Amino acid sequence: MAVIKIDASQYEQQLLEKQQRISTQFARFNAPELEVYDSEKSHYRQRCEFRVWHDDEDLYHIMFDQQSKEKIRVDSFDPGAPLVNELMQVMMEKLRNNETLRRKLFQIDYLSTLSGEILISLLYHKQLDDKWHEAMSTLRAELQQTYKIDFIGRARKQKVVFGDDFVTEKLRVDGTEYTYQQVENSFTQPNAKVNEKMLSWAKSIARPLSNDLLELYCGNGNFSIALAEHFDRVLATEISKSSVHSAQYNIAANKVSNLDIIRMSSEEFTDAMQGKRNFSRLNGIDLQSYNCQTILVDPPRAGMDELTCRLVSNYDNIIYISCNPDTLERDLEILSETHNISRIAIFDQFPYTHHVESGVFLTRK
């Protein structure tokens with residue numbers, strides 16, 4: 001069996017190296033001591049994607065080495081959650097002997113949860129006909145006797161859903177359970193246990209604050225839902241239609257009554273706040289009625305543009321969640337003109353890689 005193994009004995013050392021790197025990188029901002037939140041040492045990824053390799057009668061998952069680009073057979077994947085690993089082996093066993101389901105299959109994506117649900121997407125270089133539909137329905141019915149499992153088949157201009165195209169995750173943060181719909185092909189934090197720690201850290205910051213909260217890049221409401229209890233009202237923006245839909249679902253599922261989501265980009269929201277443009281999507285929302293003294297941003301790897309940074313700097317309290325230390329450092333060049341770093345943390349979302357998730361809390365000078 002081809003196993004992608006993790007040397008767990010190296011975990012503390014790799015985390016220490018990240019801690020030292022980030023501490024050094026942000027020392028010039030007079031940041032306080034770095035808070036460090038670790039990960040499970042193995043089986044921490046709830047979301048995994050693999051290419052599929054056809055070798056005569058054999059069929060197996062593969063990954064590509066980042067440096068040599070050579071393919072690596074993967075029958076078991078130490079970073080993957082236990083449920084992902086279990087279904088990886090089940091799926092290959094079922095697909096190898098099923099010509100209808102295996103033919104032209106080139107990728108399998110797994111989206112699992114701590115709550116025991118899993119969604120598997122199969123991607124094809126062929127059209128999905130009636131025979132494929134029947135075979136897929138039969139496989140799902142068989143596996144549903146053991147697993148909380150749904151499937152999606154994808155081909156060019158085709159998306160066929162068997163069950164739901166999402167999973168429902170349940171995260172426990174400081175004694176409270178939060179429910180989050182996570183849709184296939186939409187962004188979610190892949191390391192659920194570390195996500196719980198991120199939410200707990202953000203809540204510890206929000207607890208003594210007051211008035212209203214503005215959040216940009218809110219995704220499926222991951223942070224805004226957990227923080228809503230600490231503010232009078234929360235206004236959040238997100239550009240992805242599927243993420244906004246999930247956020248609305250999650251607001252209802254968590255019985256949050258003081259949170260509104262607007263579908264618009266941070267750039268559009270900046271224009272709206274500055275009175276440069278009017279948006280029909282803001283009908284019924286009086287931006288001037290909000291008393292937002294705190295803003296939370298969780299931008300993509302590219303960070304924020306300068307205009308958005310300037311908008312963010314207008315708020316007394318800034319919670320900045322970053323997946324890219326380099327763009328965080330660039331944005332802090334602007335934000336540090338008006339704010340001091342009160343807290344800084346790293347969250348080991350991606351163990352054994354150079355990637356670092358960071359959190360910074362800034363307060364006005």
# chains A, B, ... in the order shown; residues from 1 in each chain; ligands from 1
>>> select_by_dssp(residues="range 31-91 of chain A", states="helix (DSSP H, G or I)", output="list of chain:residue names")
A:Pro82, A:Leu83, A:Val84, A:Asn85, A:Glu86, A:Leu87, A:Met88, A:Gln89, A:Val90, A:Met91
>>> residues_around(residues="range 105-119 of chain A", least_positions_apart="3", cutoff="8 Å", atoms="only C-alpha atoms", output="PyMOL selection string")
chain A and resi 46-53+81+83-84+101-102+122-125+147-152+165-171+184+192
>>> write_last_selection(atoms="N, CA and C atoms", output="short mmCIF file (atom, residue, chain, number, x, y, z; two decimals), in the first residue's frame")
data_model
loop_
_atom_site.label_atom_id
_atom_site.label_comp_id
_atom_site.auth_asym_id
_atom_site.auth_seq_id
_atom_site.Cartn_x
_atom_site.Cartn_y
_atom_site.Cartn_z
N GLN A 46 -9.82 18.10 6.63
CA GLN A 46 -11.17 17.64 6.32
C GLN A 46 -11.45 17.67 4.82
N ARG A 47 -10.60 18.37 4.07
CA ARG A 47 -10.82 18.53 2.62
C ARG A 47 -9.58 18.08 1.88
N CYS A 48 -9.73 17.12 0.95
CA CYS A 48 -8.58 16.58 0.20
C CYS A 48 -9.00 16.35 -1.26
N GLU A 49 -8.06 16.60 -2.16
CA GLU A 49 -8.30 16.40 -3.60
C GLU A 49 -7.18 15.54 -4.18
N PHE A 50 -7.56 14.57 -5.01
CA PHE A 50 -6.58 13.67 -5.62
C PHE A 50 -6.90 13.47 -7.10
N ARG A 51 -5.86 13.38 -7.91
CA ARG A 51 -6.04 12.90 -9.26
C ARG A 51 -6.20 11.38 -9.22
N VAL A 52 -6.77 10.82 -10.28
CA VAL A 52 -6.98 9.38 -10.37
C VAL A 52 -6.14 8.84 -11.52
N TRP A 53 -5.42 7.76 -11.26
CA TRP A 53 -4.54 7.18 -12.26
C TRP A 53 -5.06 5.80 -12.68
N ALA A 81 -8.29 13.48 7.13
CA ALA A 81 -9.11 13.08 8.26
C ALA A 81 -9.38 11.57 8.22
N LEU A 83 -12.05 9.84 8.31
CA LEU A 83 -13.14 9.46 7.41
C LEU A 83 -12.71 9.54 5.96
N VAL A 84 -11.88 10.52 5.60
CA VAL A 84 -11.35 10.63 4.24
C VAL A 84 -10.51 9.40 3.91
N LEU A 101 -18.40 3.52 -13.86
CA LEU A 101 -18.01 4.61 -12.96
C LEU A 101 -16.54 4.98 -13.07
N ARG A 102 -15.70 4.04 -13.47
CA ARG A 102 -14.27 4.34 -13.50
C ARG A 102 -13.82 4.96 -14.82
N LEU A 122 -16.81 13.35 -8.02
CA LEU A 122 -16.08 12.60 -9.04
C LEU A 122 -16.08 13.40 -10.32
N LEU A 123 -14.91 13.67 -10.87
CA LEU A 123 -14.76 14.52 -12.06
C LEU A 123 -14.36 13.67 -13.26
N TYR A 124 -15.05 13.88 -14.40
CA TYR A 124 -14.92 13.01 -15.57
C TYR A 124 -14.56 13.79 -16.83
N HIS A 125 -13.87 13.07 -17.72
CA HIS A 125 -13.66 13.54 -19.09
C HIS A 125 -14.66 12.83 -20.01
N TYR A 147 -22.38 4.94 5.87
CA TYR A 147 -21.86 6.30 6.00
C TYR A 147 -22.94 7.36 5.75
N LYS A 148 -22.73 8.55 6.36
CA LYS A 148 -23.52 9.74 6.01
C LYS A 148 -22.84 10.36 4.79
N ILE A 149 -23.23 9.92 3.62
CA ILE A 149 -22.45 10.21 2.42
C ILE A 149 -23.33 10.69 1.27
N ASP A 150 -22.86 11.69 0.54
CA ASP A 150 -23.51 12.15 -0.69
C ASP A 150 -22.44 12.25 -1.77
N PHE A 151 -22.92 12.34 -3.03
CA PHE A 151 -22.00 12.35 -4.16
C PHE A 151 -22.37 13.46 -5.14
N ILE A 152 -21.34 13.93 -5.85
CA ILE A 152 -21.54 14.82 -6.98
C ILE A 152 -20.74 14.28 -8.15
N ASP A 165 -25.34 18.97 -2.10
CA ASP A 165 -24.03 19.41 -2.57
C ASP A 165 -23.27 20.14 -1.47
N PHE A 166 -23.58 19.80 -0.21
CA PHE A 166 -22.90 20.39 0.93
C PHE A 166 -22.86 19.39 2.08
N VAL A 167 -21.98 19.67 3.04
CA VAL A 167 -21.98 18.96 4.31
C VAL A 167 -22.31 19.96 5.40
N THR A 168 -22.73 19.45 6.54
CA THR A 168 -23.04 20.31 7.67
C THR A 168 -22.05 20.01 8.79
N GLU A 169 -21.19 20.98 9.05
CA GLU A 169 -20.17 20.83 10.08
C GLU A 169 -20.68 21.40 11.40
N LYS A 170 -20.23 20.80 12.49
CA LYS A 170 -20.56 21.31 13.83
C LYS A 170 -19.24 21.53 14.57
N LEU A 171 -18.99 22.79 14.91
CA LEU A 171 -17.76 23.18 15.60
C LEU A 171 -18.10 23.58 17.04
N GLU A 184 -19.70 22.26 -1.57
CA GLU A 184 -18.65 21.78 -2.48
C GLU A 184 -18.16 22.93 -3.36
N ALA A 192 -10.36 21.67 10.68
CA ALA A 192 -11.50 22.08 11.50
C ALA A 192 -11.12 22.31 12.95
#
>>> closest_residue(among="A:Lys104, A:Asn185, A:Ala141, A:Thr294", to="Lys241 in chain A", atoms="only C-alpha atoms")
A:Asn185
>>> residues_around(residues="His133 in chain A", least_positions_apart="3", cutoff="12 Å", atoms="only C-alpha atoms", output="list in words")
Thr100, Leu101, Gln127, Leu128, Asp129, Asp130, Met136, Ser137, Thr138, Leu139, Arg140, Phe151, Ile152, Gly153, Arg154, Lys159, Val160, Val161 and Phe162 of chain A
>>> write_last_selection(atoms="N, CA and C atoms", output="PDB file, in the first residue's frame")
ATOM      1  N   THR A 100     -18.375   1.384 -15.707  1.00  0.00           N
ATOM      2  CA  THR A 100     -19.198   2.566 -15.945  1.00  0.00           C
ATOM      3  C   THR A 100     -18.725   3.757 -15.119  1.00  0.00           C
ATOM      4  N   LEU A 101     -18.401   3.520 -13.855  1.00  0.00           N
ATOM      5  CA  LEU A 101     -18.012   4.612 -12.957  1.00  0.00           C
ATOM      6  C   LEU A 101     -16.542   4.981 -13.066  1.00  0.00           C
ATOM      7  N   GLN A 127     -19.306  12.628 -20.811  1.00  0.00           N
ATOM      8  CA  GLN A 127     -20.645  13.017 -20.398  1.00  0.00           C
ATOM      9  C   GLN A 127     -21.259  11.918 -19.527  1.00  0.00           C
ATOM     10  N   LEU A 128     -22.033  12.334 -18.550  1.00  0.00           N
ATOM     11  CA  LEU A 128     -22.604  11.405 -17.584  1.00  0.00           C
ATOM     12  C   LEU A 128     -23.998  10.999 -18.054  1.00  0.00           C
ATOM     13  N   ASP A 129     -24.098   9.778 -18.574  1.00  0.00           N
ATOM     14  CA  ASP A 129     -25.346   9.321 -19.195  1.00  0.00           C
ATOM     15  C   ASP A 129     -26.206   8.558 -18.204  1.00  0.00           C
ATOM     16  N   ASP A 130     -27.324   7.989 -18.710  1.00  0.00           N
ATOM     17  CA  ASP A 130     -28.270   7.281 -17.843  1.00  0.00           C
ATOM     18  C   ASP A 130     -27.636   6.070 -17.171  1.00  0.00           C
ATOM     19  N   MET A 136     -24.194   5.117 -10.285  1.00  0.00           N
ATOM     20  CA  MET A 136     -23.864   5.989  -9.172  1.00  0.00           C
ATOM     21  C   MET A 136     -24.932   5.900  -8.081  1.00  0.00           C
ATOM     22  N   SER A 137     -26.184   5.821  -8.478  1.00  0.00           N
ATOM     23  CA  SER A 137     -27.280   5.688  -7.512  1.00  0.00           C
ATOM     24  C   SER A 137     -27.149   4.391  -6.721  1.00  0.00           C
ATOM     25  N   THR A 138     -26.764   3.328  -7.405  1.00  0.00           N
ATOM     26  CA  THR A 138     -26.597   2.033  -6.747  1.00  0.00           C
ATOM     27  C   THR A 138     -25.460   2.092  -5.725  1.00  0.00           C
ATOM     28  N   LEU A 139     -24.336   2.721  -6.115  1.00  0.00           N
ATOM     29  CA  LEU A 139     -23.201   2.823  -5.200  1.00  0.00           C
ATOM     30  C   LEU A 139     -23.561   3.656  -3.981  1.00  0.00           C
ATOM     31  N   ARG A 140     -24.241   4.776  -4.186  1.00  0.00           N
ATOM     32  CA  ARG A 140     -24.607   5.628  -3.050  1.00  0.00           C
ATOM     33  C   ARG A 140     -25.528   4.892  -2.091  1.00  0.00           C
ATOM     34  N   PHE A 151     -22.917  12.337  -3.026  1.00  0.00           N
ATOM     35  CA  PHE A 151     -22.005  12.354  -4.163  1.00  0.00           C
ATOM     36  C   PHE A 151     -22.371  13.462  -5.143  1.00  0.00           C
ATOM     37  N   ILE A 152     -21.345  13.926  -5.849  1.00  0.00           N
ATOM     38  CA  ILE A 152     -21.543  14.823  -6.979  1.00  0.00           C
ATOM     39  C   ILE A 152     -20.738  14.275  -8.147  1.00  0.00           C
ATOM     40  N   GLY A 153     -21.356  14.228  -9.320  1.00  0.00           N
ATOM     41  CA  GLY A 153     -20.645  13.899 -10.549  1.00  0.00           C
ATOM     42  C   GLY A 153     -20.480  15.158 -11.377  1.00  0.00           C
ATOM     43  N   ARG A 154     -19.272  15.388 -11.861  1.00  0.00           N
ATOM     44  CA  ARG A 154     -19.013  16.576 -12.673  1.00  0.00           C
ATOM     45  C   ARG A 154     -18.377  16.183 -13.997  1.00  0.00           C
ATOM     46  N   LYS A 159     -23.330  18.939 -13.780  1.00  0.00           N
ATOM     47  CA  LYS A 159     -23.168  18.731 -12.346  1.00  0.00           C
ATOM     48  C   LYS A 159     -24.372  17.933 -11.883  1.00  0.00           C
ATOM     49  N   VAL A 160     -24.132  16.711 -11.431  1.00  0.00           N
ATOM     50  CA  VAL A 160     -25.199  15.822 -11.007  1.00  0.00           C
ATOM     51  C   VAL A 160     -25.035  15.552  -9.518  1.00  0.00           C
ATOM     52  N   VAL A 161     -26.042  15.903  -8.729  1.00  0.00           N
ATOM     53  CA  VAL A 161     -25.961  15.793  -7.275  1.00  0.00           C
ATOM     54  C   VAL A 161     -26.808  14.622  -6.792  1.00  0.00           C
ATOM     55  N   PHE A 162     -26.201  13.772  -6.003  1.00  0.00           N
ATOM     56  CA  PHE A 162     -26.895  12.666  -5.361  1.00  0.00           C
ATOM     57  C   PHE A 162     -26.955  12.957  -3.872  1.00  0.00           C
TER      58      PHE A 162
END
>>> select_by_dssp(residues="range 81-240 of chain A", states="strand (DSSP E)", output="ChimeraX atom specification")
/A:105-112,117-124,148-155,158-162,166-173,176-183,212-216,234-238
>>> closest_residue(among="A:Ser266, A:Thr24, A:Ser224, A:Asn254", to="Leu307 in chain A", atoms="only C-alpha atoms")
A:Ser266
>>> closest_residue(among="A:Ile4, A:Val90, A:Ile321, A:Cys218", to="Phe64 in chain A", atoms="only C-alpha atoms")
A:Ile4
>>> atom_distance(atom1="CA of Ala31 in chain A", atom2="CA of Leu227 in chain A")
24.1 Å
>>> residues_around(residues="Thr188 in chain A", least_positions_apart="5", cutoff="9 Å", atoms="only C-alpha atoms", output="ChimeraX atom specification")
/A:47,182-183,219-220,222
>>> write_last_selection(atoms="N, CA and C atoms", output="compact mmCIF listing (two decimals), in the first residue's frame")
# COMPACT_ATOMS: atom_id res chain seq x y z
N ARG A 47 -10.60 18.37 4.07
CA ARG A 47 -10.82 18.53 2.62
C ARG A 47 -9.58 18.08 1.88
N GLN A 182 -21.23 23.75 4.59
CA GLN A 182 -20.02 23.90 3.77
C GLN A 182 -20.29 23.29 2.40
N VAL A 183 -20.30 24.15 1.38
CA VAL A 183 -20.70 23.74 0.03
C VAL A 183 -19.49 23.29 -0.77
N GLY A 219 -17.09 34.99 3.80
CA GLY A 219 -17.26 33.59 3.42
C GLY A 219 -18.63 33.07 3.82
N ASN A 220 -18.66 31.90 4.45
CA ASN A 220 -19.94 31.30 4.86
C ASN A 220 -20.38 31.77 6.24
N ASN A 222 -18.23 32.14 8.87
CA ASN A 222 -17.42 31.42 9.85
C ASN A 222 -17.16 32.26 11.10
>>> residues_around(residues="Tyr11 in chain A", least_positions_apart="6", cutoff="9 Å", atoms="only C-alpha atoms", output="PyMOL selection string")
chain A and resi 41+351-352
>>> write_last_selection(atoms="C-alpha atoms", output="PDB file, in the first residue's frame")
ATOM      1  CA  LYS A  41      -0.114  16.006  14.287  1.00  0.00           C
ATOM      2  CA  PRO A 351       1.314  21.496   9.309  1.00  0.00           C
ATOM      3  CA  TYR A 352       4.572  20.413   7.654  1.00  0.00           C
TER       4      TYR A 352
END
>>> atom_distance(atom1="CA of Thr146 in chain A", atom2="CA of Ser121 in chain A")
18.2 Å
>>> residues_around(residues="Ser204 in chain A", least_positions_apart="2", cutoff="12 Å", atoms="only C-alpha atoms", output="NGL selection string")
:A and (173-174 or 197-202 or 206-209 or 226-227 or 230 or 319 or 343 or 361)
>>> residues_around(residues="Glu99 in chain A", least_positions_apart="2", cutoff="12 Å", atoms="only C-alpha atoms", output="compact mmCIF listing (two decimals) with N, CA, C and O atoms, in the first residue's frame")
# COMPACT_ATOMS: atom_id res chain seq x y z
N HIS A 54 -5.14 5.59 -13.99
CA HIS A 54 -5.59 4.31 -14.56
C HIS A 54 -4.35 3.54 -15.02
O HIS A 54 -3.58 4.02 -15.86
N ASP A 56 -3.88 -0.12 -16.42
CA ASP A 56 -4.55 -1.37 -16.85
C ASP A 56 -5.79 -1.58 -15.99
O ASP A 56 -6.66 -0.73 -15.97
N GLU A 57 -5.82 -2.67 -15.23
CA GLU A 57 -7.00 -2.95 -14.41
C GLU A 57 -6.96 -2.23 -13.07
O GLU A 57 -7.96 -2.19 -12.35
N ASP A 58 -5.80 -1.68 -12.74
CA ASP A 58 -5.66 -1.01 -11.45
C ASP A 58 -6.14 0.44 -11.55
O ASP A 58 -6.16 1.04 -12.63
N LEU A 59 -6.51 0.97 -10.41
CA LEU A 59 -7.01 2.36 -10.32
C LEU A 59 -6.62 2.87 -8.95
O LEU A 59 -6.83 2.19 -7.95
N LYS A 94 -14.49 -0.02 -4.82
CA LYS A 94 -15.77 -0.05 -5.54
C LYS A 94 -15.61 0.33 -7.01
O LYS A 94 -16.31 -0.20 -7.88
N LEU A 95 -14.69 1.26 -7.30
CA LEU A 95 -14.57 1.78 -8.66
C LEU A 95 -13.75 0.88 -9.57
O LEU A 95 -14.00 0.83 -10.78
N ARG A 96 -12.78 0.17 -9.01
CA ARG A 96 -11.89 -0.64 -9.86
C ARG A 96 -12.66 -1.63 -10.72
O ARG A 96 -12.30 -1.87 -11.88
N ASN A 97 -13.69 -2.20 -10.17
CA ASN A 97 -14.43 -3.25 -10.88
C ASN A 97 -15.73 -2.75 -11.49
O ASN A 97 -16.60 -3.55 -11.85
N LEU A 101 -18.40 3.52 -13.86
CA LEU A 101 -18.01 4.61 -12.96
C LEU A 101 -16.54 4.98 -13.07
O LEU A 101 -16.16 6.12 -12.80
N ARG A 102 -15.70 4.04 -13.47
CA ARG A 102 -14.27 4.34 -13.50
C ARG A 102 -13.82 4.96 -14.82
O ARG A 102 -12.84 5.69 -14.86
N ARG A 103 -14.53 4.68 -15.91
CA ARG A 103 -14.09 5.13 -17.22
C ARG A 103 -14.06 6.66 -17.30
O ARG A 103 -15.03 7.33 -16.97
N LYS A 104 -12.92 7.21 -17.71
CA LYS A 104 -12.70 8.65 -17.90
C LYS A 104 -12.76 9.44 -16.59
O LYS A 104 -12.85 10.68 -16.61
N LEU A 105 -12.71 8.76 -15.46
CA LEU A 105 -12.63 9.44 -14.17
C LEU A 105 -11.20 9.96 -13.98
O LEU A 105 -10.24 9.21 -14.09
N LYS A 131 -26.78 5.37 -17.89
CA LYS A 131 -26.12 4.20 -17.32
C LYS A 131 -25.23 4.62 -16.15
O LYS A 131 -25.19 3.94 -15.11
N TRP A 132 -24.53 5.75 -16.30
CA TRP A 132 -23.70 6.25 -15.20
C TRP A 132 -24.57 6.64 -14.01
O TRP A 132 -24.24 6.33 -12.86
N ALA A 135 -25.62 3.55 -12.12
CA ALA A 135 -24.51 2.96 -11.38
C ALA A 135 -24.15 3.79 -10.15
O ALA A 135 -23.86 3.25 -9.07
N MET A 136 -24.19 5.12 -10.29
CA MET A 136 -23.86 5.99 -9.17
C MET A 136 -24.93 5.90 -8.08
O MET A 136 -24.61 5.88 -6.88
>>> atom_distance(atom1="CA of Asp38 in chain A", atom2="CA of Asp65 in chain A")
25.5 Å
>>> closest_residue(among="A:Arg28, A:His245, A:Arg172, A:His43", to="Glu329 in chain A", atoms="only C-alpha atoms")
A:Arg28
>>> closest_residue(among="A:Val194, A:Leu143, A:Leu214, A:Ile251", to="Leu235 in chain A", atoms="only C-alpha atoms")
A:Leu214
>>> decode(residues="range 168-198 of chain A", atoms="N, CA and C atoms", output="CSV table (one decimal), in the first residue's frame")
chain,number,residue,atom,x,y,z
A,168,THR,N,-22.7,19.5,6.5
A,168,THR,CA,-23.0,20.3,7.7
A,168,THR,C,-22.0,20.0,8.8
A,169,GLU,N,-21.2,21.0,9.1
A,169,GLU,CA,-20.2,20.8,10.1
A,169,GLU,C,-20.7,21.4,11.4
A,170,LYS,N,-20.2,20.8,12.5
A,170,LYS,CA,-20.6,21.3,13.8
A,170,LYS,C,-19.2,21.5,14.6
A,171,LEU,N,-19.0,22.8,14.9
A,171,LEU,CA,-17.8,23.2,15.6
A,171,LEU,C,-18.1,23.6,17.0
A,172,ARG,N,-17.3,23.1,18.0
A,172,ARG,CA,-17.5,23.5,19.4
A,172,ARG,C,-16.4,24.5,19.8
A,173,VAL,N,-16.9,25.7,20.2
A,173,VAL,CA,-16.0,26.8,20.5
A,173,VAL,C,-16.4,27.4,21.9
A,174,ASP,N,-15.5,27.3,22.9
A,174,ASP,CA,-15.7,27.8,24.2
A,174,ASP,C,-17.1,27.3,24.8
A,175,GLY,N,-17.4,26.0,24.6
A,175,GLY,CA,-18.6,25.4,25.1
A,175,GLY,C,-19.8,25.6,24.3
A,176,THR,N,-19.8,26.3,23.2
A,176,THR,CA,-20.9,26.6,22.3
A,176,THR,C,-20.7,25.8,21.0
A,177,GLU,N,-21.8,25.2,20.5
A,177,GLU,CA,-21.7,24.4,19.3
A,177,GLU,C,-22.3,25.3,18.2
A,178,TYR,N,-21.5,25.5,17.1
A,178,TYR,CA,-21.9,26.2,15.9
A,178,TYR,C,-22.1,25.3,14.7
A,179,THR,N,-23.2,25.6,13.9
A,179,THR,CA,-23.5,24.7,12.8
A,179,THR,C,-23.1,25.5,11.5
A,180,TYR,N,-22.4,24.9,10.6
A,180,TYR,CA,-21.9,25.6,9.4
A,180,TYR,C,-22.2,24.7,8.2
A,181,GLN,N,-23.0,25.2,7.2
A,181,GLN,CA,-23.1,24.5,5.9
A,181,GLN,C,-21.8,24.8,5.1
A,182,GLN,N,-21.2,23.7,4.6
A,182,GLN,CA,-20.0,23.9,3.8
A,182,GLN,C,-20.3,23.3,2.4
A,183,VAL,N,-20.3,24.1,1.4
A,183,VAL,CA,-20.7,23.7,0.0
A,183,VAL,C,-19.5,23.3,-0.8
A,184,GLU,N,-19.7,22.3,-1.6
A,184,GLU,CA,-18.7,21.8,-2.5
A,184,GLU,C,-18.2,22.9,-3.4
A,185,ASN,N,-16.8,23.0,-3.5
A,185,ASN,CA,-16.2,24.0,-4.4
A,185,ASN,C,-16.2,25.4,-3.8
A,186,SER,N,-16.6,25.6,-2.5
A,186,SER,CA,-16.6,26.9,-1.9
A,186,SER,C,-15.5,26.8,-0.8
A,187,PHE,N,-15.0,28.0,-0.4
A,187,PHE,CA,-13.9,28.0,0.5
A,187,PHE,C,-14.4,27.7,1.9
A,188,THR,N,-13.7,26.8,2.6
A,188,THR,CA,-13.8,26.5,4.0
A,188,THR,C,-12.5,26.2,4.6
A,189,GLN,N,-12.3,26.5,5.9
A,189,GLN,CA,-11.0,26.2,6.5
A,189,GLN,C,-10.8,24.7,6.5
A,190,PRO,N,-9.7,24.2,6.0
A,190,PRO,CA,-9.6,22.7,5.9
A,190,PRO,C,-9.3,22.0,7.2
A,191,ASN,N,-8.7,22.7,8.1
A,191,ASN,CA,-8.3,22.1,9.4
A,191,ASN,C,-9.3,22.5,10.5
A,192,ALA,N,-10.4,21.7,10.7
A,192,ALA,CA,-11.5,22.1,11.5
A,192,ALA,C,-11.1,22.3,13.0
A,193,LYS,N,-10.2,21.5,13.5
A,193,LYS,CA,-9.8,21.7,14.9
A,193,LYS,C,-9.1,23.0,15.1
A,194,VAL,N,-8.3,23.3,14.1
A,194,VAL,CA,-7.6,24.6,14.2
A,194,VAL,C,-8.5,25.8,14.0
A,195,ASN,N,-9.5,25.6,13.1
A,195,ASN,CA,-10.6,26.6,13.0
A,195,ASN,C,-11.3,26.9,14.3
A,196,GLU,N,-11.5,25.9,15.1
A,196,GLU,CA,-12.2,26.1,16.4
A,196,GLU,C,-11.3,27.0,17.2
A,197,LYS,N,-10.0,26.8,17.2
A,197,LYS,CA,-9.0,27.6,17.9
A,197,LYS,C,-9.0,29.0,17.4
A,198,MET,N,-9.1,29.2,16.1
A,198,MET,CA,-9.1,30.5,15.5
A,198,MET,C,-10.4,31.3,16.0
